[in-house]
Structure formats: C-alpha cells, structure tokens
Amino acid sequence: MWIIAKYKIYEFNTLKNNLKKILGNEPNYFIPKIRSNKVINKKFKTFQKSILEGYLICFHHKFRSKNIQNILKYTKGINYILENSINNQKEISDFINRCKNFEKENGFIKQDFFCNKNFNRAKFVSGPFTNFVFDVLSKNADKIEVLIGKYKTTISKETNFLYRPI
C-alpha cells in the first residue's frame, strides 16, 4: 500500500532508519526530482529538487495495518501522513506512472511533465530566471511567448529551463 507523508527534509536519513526498524525492511520510496541550475558567484551550479516539496510517496505491504499507521504518525522525521492515502491508491499509482513516463534516462523529470494547456502564469524553477513568475501571452506547438515583468520573450519547449504552472 502507498502512503504520502510530509517529512522533515533534514531528517530524511533518520526517517529511513526508523521506517526500516518499524517495518523490518526498507519500504520503496518515490520522490520525483528535477535538476535545476542557479547562477551563484557568476557560475552555474546544478541542484536536485523534489517536485513534491517535502512530501514523499512510500510503499510497503505493512502500511495496511492500522497499528503501523498509528506508529508512523509519531515516527521521528514525519510531520504527518495524508489521511486519504488509503482511499486513493489508484490515483497515487497513476501519478507515479505519469512521473515515470516523463523521466529522462538519468531519473529526473522532463519539462513536458509540467506542460499543461490550461495555465496563464508560471514560475521558473531553473535557469537564469529561477523563481521569476511570468505571464503566458501565447502558446504554439514548440514555443510559448511570455511576459516577465515588462519584458516579452519566447521560450522554446526544447530548452533546459524548467517552469511550472502556478
């Protein structure tokens, strides 16, 4: 059974060890990531970032047990567990499959994952415009025209700069 948990990012290794002790063996973790670039001191630095921002998806057959679920709530490293994880197993599996369909060879999510036809605003998550919000002016099959502040530019869908709808 899959669960979704909000966890303390800096206590992830502690959490993994605690789950291994509680369950007897380590569960399967799914944390989809993107690779982002930032300019620091005039140099590009590459970082890994989870697209779930502090949530992890975890599978173990013992998660069906109510006793295990109650123990997990108080496990060091976990803030809380989403209650509807039990009822939404199909949706969680569909999300994981969608993520895996959009993974590159190196395991990172491609930009196509974030491409949604129904967004008007988005935020860059990599490249020189990281954390800048832009408005979408027009969309074509291979590029989108955007407005960043008062500047108009075009972004190719083949670019390595990642953005996500907000």
# chains A, B, ... in the order shown; residues from 1 in each chain; ligands from 1

call {"tool": "residues_around", "arguments": {"residues": "Ile31 of chain A", "least_positions_apart": "4", "cutoff": "12 Å", "atoms": "only C-alpha atoms", "output": "number ranges by chain"}}
result
A: 4-7, 9, 12, 48-59, 95-96, 99-100, 103, 107-109

call {"tool": "write_last_selection", "arguments": {"atoms": "N, CA and C atoms", "output": "short mmCIF file (atom, residue, chain, number, x, y, z; two decimals), in the first residue's frame"}}
result
data_model
loop_
_atom_site.label_atom_id
_atom_site.label_comp_id
_atom_site.auth_asym_id
_atom_site.auth_seq_id
_atom_site.Cartn_x
_atom_site.Cartn_y
_atom_site.Cartn_z
N ILE A 4 1.37 8.75 1.52
CA ILE A 4 2.02 10.03 1.24
C ILE A 4 2.24 10.71 2.58
N ALA A 5 3.49 11.10 2.81
CA ALA A 5 3.85 11.69 4.10
C ALA A 5 4.58 13.01 3.90
N LYS A 6 4.26 13.96 4.75
CA LYS A 6 5.03 15.21 4.83
C LYS A 6 6.17 14.90 5.78
N TYR A 7 7.40 15.12 5.32
CA TYR A 7 8.54 14.75 6.15
C TYR A 7 9.48 15.94 6.34
N ILE A 9 12.81 17.40 5.79
CA ILE A 9 13.82 17.16 4.77
C ILE A 9 15.18 16.84 5.38
N PHE A 12 15.69 13.10 6.78
CA PHE A 12 15.31 12.00 5.88
C PHE A 12 16.06 10.72 6.20
N GLN A 48 19.52 19.37 -7.23
CA GLN A 48 18.38 18.46 -7.33
C GLN A 48 17.28 19.01 -6.44
N LYS A 49 16.06 18.96 -6.93
CA LYS A 49 14.94 19.48 -6.15
C LYS A 49 13.74 18.55 -6.34
N SER A 50 13.10 18.21 -5.25
CA SER A 50 11.90 17.38 -5.32
C SER A 50 10.74 18.23 -5.82
N ILE A 51 9.94 17.67 -6.72
CA ILE A 51 8.78 18.42 -7.20
C ILE A 51 7.64 18.38 -6.18
N LEU A 52 7.73 17.50 -5.20
CA LEU A 52 6.68 17.38 -4.18
C LEU A 52 6.96 18.26 -2.97
N GLU A 53 8.11 18.90 -2.90
CA GLU A 53 8.47 19.87 -1.88
C GLU A 53 8.14 19.42 -0.45
N GLY A 54 8.87 18.43 0.01
CA GLY A 54 8.72 17.99 1.39
C GLY A 54 7.76 16.83 1.60
N TYR A 55 7.21 16.29 0.52
CA TYR A 55 6.35 15.11 0.62
C TYR A 55 7.07 13.94 -0.03
N LEU A 56 6.81 12.75 0.48
CA LEU A 56 7.33 11.55 -0.15
C LEU A 56 6.23 10.52 -0.28
N ILE A 57 6.39 9.69 -1.27
CA ILE A 57 5.44 8.60 -1.51
C ILE A 57 6.19 7.32 -1.19
N CYS A 58 5.58 6.47 -0.41
CA CYS A 58 6.27 5.31 0.15
C CYS A 58 5.36 4.08 0.02
N PHE A 59 5.95 2.92 -0.32
CA PHE A 59 5.18 1.69 -0.45
C PHE A 59 5.74 0.61 0.46
N PHE A 95 -0.28 8.72 -10.66
CA PHE A 95 0.69 9.82 -10.57
C PHE A 95 2.11 9.28 -10.71
N ILE A 96 2.42 8.19 -10.03
CA ILE A 96 3.76 7.60 -10.11
C ILE A 96 4.05 7.16 -11.55
N CYS A 99 4.76 10.21 -13.69
CA CYS A 99 6.11 10.71 -13.42
C CYS A 99 7.15 9.85 -14.12
N LYS A 100 6.99 8.54 -14.04
CA LYS A 100 7.96 7.64 -14.66
C LYS A 100 7.95 7.75 -16.17
N GLU A 103 10.22 10.71 -17.06
CA GLU A 103 11.60 10.71 -16.57
C GLU A 103 12.58 10.63 -17.72
N GLY A 107 16.86 9.83 -14.56
CA GLY A 107 15.88 9.75 -13.48
C GLY A 107 15.21 11.07 -13.12
N PHE A 108 15.58 12.15 -13.77
CA PHE A 108 14.96 13.44 -13.48
C PHE A 108 13.76 13.66 -14.41
N ILE A 109 12.79 14.42 -13.91
CA ILE A 109 11.56 14.71 -14.65
C ILE A 109 11.84 15.70 -15.77
#

call {"tool": "residues_around", "arguments": {"residues": "Thr46 of chain A", "least_positions_apart": "2", "cutoff": "7 Å", "atoms": "only C-alpha atoms", "output": "number ranges by chain"}}
result
A: 35-38, 44

call {"tool": "closest_residue", "arguments": {"among": "A:Asn131, A:Phe63, A:Ile144, A:Asn97", "to": "Phe30 of chain A", "atoms": "only C-alpha atoms"}}
result
A:Asn97

call {"tool": "residues_around", "arguments": {"residues": "segment 18-22 of chain A", "least_positions_apart": "2", "cutoff": "9 Å", "atoms": "only C-alpha atoms", "output": "JSON, numbers by chain"}}
result
{"A": [13, 14, 15, 16, 24, 25, 26, 27, 68, 71, 72, 75, 76, 77]}

call {"tool": "select_by_dssp", "arguments": {"residues": "segment 5-166 of chain A", "states": "strand (DSSP E)", "output": "JSON, numbers by chain"}}
result
{"A": [5, 6, 7, 28, 29, 30, 33, 34, 35, 36, 37, 38, 39, 40, 43, 44, 45, 46, 47, 48, 49, 50, 55, 56, 57, 58, 59, 78, 79, 80, 81, 121, 122, 123, 124, 133, 134, 135, 136, 137, 138, 139, 143, 144, 145, 146, 147, 148, 151, 152, 153, 154, 155, 156, 163, 164, 165]}

call {"tool": "closest_residue", "arguments": {"among": "A:Ile155, A:Leu23, A:Ile34, A:Leu82", "to": "Asn67 of chain A", "atoms": "only C-alpha atoms"}}
result
A:Leu23

call {"tool": "select_by_dssp", "arguments": {"residues": "segment 5-135 of chain A", "states": "helix (DSSP H, G or I)", "output": "PyMOL selection string"}}
result
chain A and resi 9-23+61-64+66-73+83-85+89-101+111-114

call {"tool": "residues_around", "arguments": {"residues": "Thr159 of chain A", "least_positions_apart": "3", "cutoff": "10 Å", "atoms": "only C-alpha atoms", "output": "PyMOL selection string"}}
result
chain A and resi 111+127+143+155-156+162

call {"tool": "closest_residue", "arguments": {"among": "A:Asn106, A:Asn17, A:Thr153, A:Ser85", "to": "Phe129 of chain A", "atoms": "only C-alpha atoms"}}
result
A:Thr153

call {"tool": "closest_residue", "arguments": {"among": "A:Lys8, A:Glu158, A:Asn88, A:Pro32", "to": "Asn101 of chain A", "atoms": "only C-alpha atoms"}}
result
A:Pro32

call {"tool": "residues_around", "arguments": {"residues": "Arg64 of chain A", "least_positions_apart": "6", "cutoff": "10 Å", "atoms": "only C-alpha atoms", "output": "short mmCIF file (atom, residue, chain, number, x, y, z; two decimals) with C-alpha atoms, in the first residue's frame"}}
result
data_model
loop_
_atom_site.label_atom_id
_atom_site.label_comp_id
_atom_site.auth_asym_id
_atom_site.auth_seq_id
_atom_site.Cartn_x
_atom_site.Cartn_y
_atom_site.Cartn_z
CA MET A 1 0.00 0.00 0.00
CA TRP A 2 1.17 3.52 -0.82
CA ILE A 3 1.20 6.37 1.68
CA ILE A 86 -5.63 4.65 1.84
#

call {"tool": "atom_distance", "arguments": {"atom1": "atom CA of Ile78 of chain A", "atom2": "atom CA of Asn28 of chain A"}}
result
16.0 Å

call {"tool": "atom_distance", "arguments": {"atom1": "atom CA of Ile81 of chain A", "atom2": "atom CA of Glu11 of chain A"}}
result
15.6 Å
